[in-house]
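Trainee: Okay, here's the structure, questions in a sec.
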Amino acid sequence: MELKIPTPEQAYWGLRAMKTVALADGTLDDSERQVMAAVQRVFGTRTE
């Protein structure tokens, strides 16, 4: 299996999509924030 690392732009849009889905219930809870922070650490990005 080959691991493909997204470009910073791809990571940005992927994280933005994750945040949109996480906010579907109206709130971004702590566990959702932690998952997004972990993804940012893995990809070396910083997105608010």
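Chain labels A, B, ... are given in the sequence in which chains occur in the structure tokens; within each chain residues are numbered consecutively from 1, and ligands are likewise numbered from 1 in the order shown.
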Need the shell around A:Gly44: protein/DNA/RNA residues with any atom at most 10 Å away, counting only C-alpha atoms. Skip same-chain ones fewer than 3 positions apart. Format as a list in words?
Mentor: Pro8, Ala11, Ala38, Val39, Gln40 and Arg41 of chain A
Trainee: Keeping C-alpha atoms for every residue in the selection just given, could you write it to a file as a PDB file, in the first residue's frame?
Mentor:
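The new file selection02.pdb reads:
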ATOM      1  CA  PRO A   8      -1.131  21.804   1.829  1.00  0.00           C
ATOM      2  CA  ALA A  11      -5.201  19.275   3.316  1.00  0.00           C
ATOM      3  CA  ALA A  38      -4.503  15.421  15.146  1.00  0.00           C
ATOM      4  CA  VAL A  39      -5.004  15.507  11.372  1.00  0.00           C
ATOM      5  CA  GLN A  40      -3.302  18.914  11.254  1.00  0.00           C
ATOM      6  CA  ARG A  41      -0.320  17.556  13.220  1.00  0.00           C
TER       7      ARG A  41
END
Trainee: Could you please write out, as a PyMOL selection string, every residue of chain A that DSSP assigns to helix (DSSP H, G or I)?
Mentor: chain A and resi 8-25+30-43
Trainee: Those same residues - N, CA, C and O atoms - I'd like them written as a compact mmCIF listing (two decimals), in the first residue's frame.
Mentor:
# COMPACT_ATOMS: atom_id res chain seq x y z
N PRO A 8 -0.52 20.90 0.84
CA PRO A 8 -1.13 21.80 1.83
C PRO A 8 -2.51 22.30 1.39
O PRO A 8 -3.42 22.40 2.22
N GLU A 9 -2.67 22.57 0.10
CA GLU A 9 -3.98 23.03 -0.38
C GLU A 9 -5.03 21.93 -0.25
O GLU A 9 -6.16 22.18 0.18
N GLN A 10 -4.68 20.70 -0.60
CA GLN A 10 -5.61 19.58 -0.46
C GLN A 10 -5.95 19.35 1.01
O GLN A 10 -7.12 19.08 1.34
N ALA A 11 -4.95 19.45 1.89
CA ALA A 11 -5.20 19.28 3.32
C ALA A 11 -6.16 20.35 3.82
O ALA A 11 -7.07 20.07 4.61
N TYR A 12 -5.97 21.59 3.36
CA TYR A 12 -6.85 22.68 3.76
C TYR A 12 -8.31 22.37 3.41
O TYR A 12 -9.20 22.46 4.26
N TRP A 13 -8.54 21.98 2.15
CA TRP A 13 -9.91 21.71 1.72
C TRP A 13 -10.49 20.47 2.40
O TRP A 13 -11.68 20.42 2.72
N GLY A 14 -9.65 19.47 2.64
CA GLY A 14 -10.12 18.29 3.35
C GLY A 14 -10.52 18.61 4.79
O GLY A 14 -11.57 18.16 5.27
N LEU A 15 -9.70 19.41 5.47
CA LEU A 15 -10.03 19.82 6.84
C LEU A 15 -11.27 20.70 6.87
O LEU A 15 -12.09 20.60 7.78
N ARG A 16 -11.40 21.54 5.87
CA ARG A 16 -12.59 22.39 5.80
C ARG A 16 -13.85 21.54 5.64
O ARG A 16 -14.89 21.80 6.28
N ALA A 17 -13.77 20.51 4.81
CA ALA A 17 -14.90 19.60 4.63
C ALA A 17 -15.21 18.86 5.94
O ALA A 17 -16.38 18.71 6.31
N MET A 18 -14.15 18.41 6.63
CA MET A 18 -14.36 17.73 7.92
C MET A 18 -15.06 18.65 8.91
O MET A 18 -15.96 18.23 9.64
N LYS A 19 -14.64 19.91 8.95
CA LYS A 19 -15.25 20.87 9.88
C LYS A 19 -16.72 21.11 9.54
O LYS A 19 -17.56 21.18 10.43
N THR A 20 -17.02 21.20 8.24
CA THR A 20 -18.40 21.40 7.82
C THR A 20 -19.29 20.24 8.27
O THR A 20 -20.38 20.45 8.79
N VAL A 21 -18.79 19.03 8.09
CA VAL A 21 -19.55 17.85 8.53
C VAL A 21 -19.70 17.84 10.05
O VAL A 21 -20.78 17.57 10.58
N ALA A 22 -18.61 18.16 10.76
CA ALA A 22 -18.66 18.17 12.22
C ALA A 22 -19.64 19.21 12.75
O ALA A 22 -20.26 19.02 13.80
N LEU A 23 -19.81 20.30 12.02
CA LEU A 23 -20.73 21.36 12.45
C LEU A 23 -22.18 21.12 12.03
O LEU A 23 -23.04 21.94 12.29
N ALA A 24 -22.46 19.98 11.41
CA ALA A 24 -23.82 19.70 10.93
C ALA A 24 -24.85 19.71 12.06
O ALA A 24 -26.00 20.06 11.84
N ASP A 25 -24.41 19.36 13.27
CA ASP A 25 -25.34 19.38 14.40
C ASP A 25 -25.35 20.72 15.12
O ASP A 25 -26.00 20.88 16.15
N ASP A 30 -15.50 18.93 21.71
CA ASP A 30 -14.08 18.73 22.01
C ASP A 30 -13.48 17.55 21.25
O ASP A 30 -12.36 17.65 20.74
N SER A 31 -14.20 16.45 21.14
CA SER A 31 -13.64 15.29 20.44
C SER A 31 -13.45 15.59 18.96
O SER A 31 -12.47 15.15 18.34
N GLU A 32 -14.36 16.36 18.37
CA GLU A 32 -14.22 16.73 16.96
C GLU A 32 -13.01 17.67 16.77
O GLU A 32 -12.25 17.53 15.82
N ARG A 33 -12.83 18.58 17.71
CA ARG A 33 -11.66 19.47 17.67
C ARG A 33 -10.36 18.68 17.77
O ARG A 33 -9.39 18.97 17.07
N GLN A 34 -10.35 17.69 18.66
CA GLN A 34 -9.15 16.88 18.85
C GLN A 34 -8.79 16.09 17.59
O GLN A 34 -7.62 15.97 17.24
N VAL A 35 -9.80 15.53 16.92
CA VAL A 35 -9.54 14.79 15.69
C VAL A 35 -8.97 15.72 14.63
O VAL A 35 -7.98 15.39 13.96
N MET A 36 -9.55 16.89 14.48
CA MET A 36 -9.05 17.84 13.49
C MET A 36 -7.63 18.31 13.83
O MET A 36 -6.78 18.45 12.94
N ALA A 37 -7.34 18.51 15.10
CA ALA A 37 -5.99 18.91 15.51
C ALA A 37 -4.99 17.79 15.22
O ALA A 37 -3.86 18.06 14.77
N ALA A 38 -5.39 16.55 15.43
CA ALA A 38 -4.50 15.42 15.15
C ALA A 38 -4.20 15.33 13.65
O ALA A 38 -3.05 15.10 13.26
N VAL A 39 -5.21 15.53 12.82
CA VAL A 39 -5.00 15.51 11.37
C VAL A 39 -4.04 16.62 10.97
O VAL A 39 -3.14 16.41 10.15
N GLN A 40 -4.20 17.80 11.57
CA GLN A 40 -3.30 18.91 11.25
C GLN A 40 -1.87 18.60 11.66
O GLN A 40 -0.92 18.95 10.94
N ARG A 41 -1.67 17.94 12.80
CA ARG A 41 -0.32 17.56 13.22
C ARG A 41 0.29 16.56 12.24
O ARG A 41 1.45 16.68 11.87
N VAL A 42 -0.49 15.59 11.79
CA VAL A 42 0.00 14.58 10.86
C VAL A 42 0.45 15.24 9.54
O VAL A 42 1.50 14.91 9.00
N PHE A 43 -0.36 16.17 9.04
CA PHE A 43 -0.06 16.80 7.75
C PHE A 43 0.78 18.06 7.87
O PHE A 43 1.16 18.66 6.87
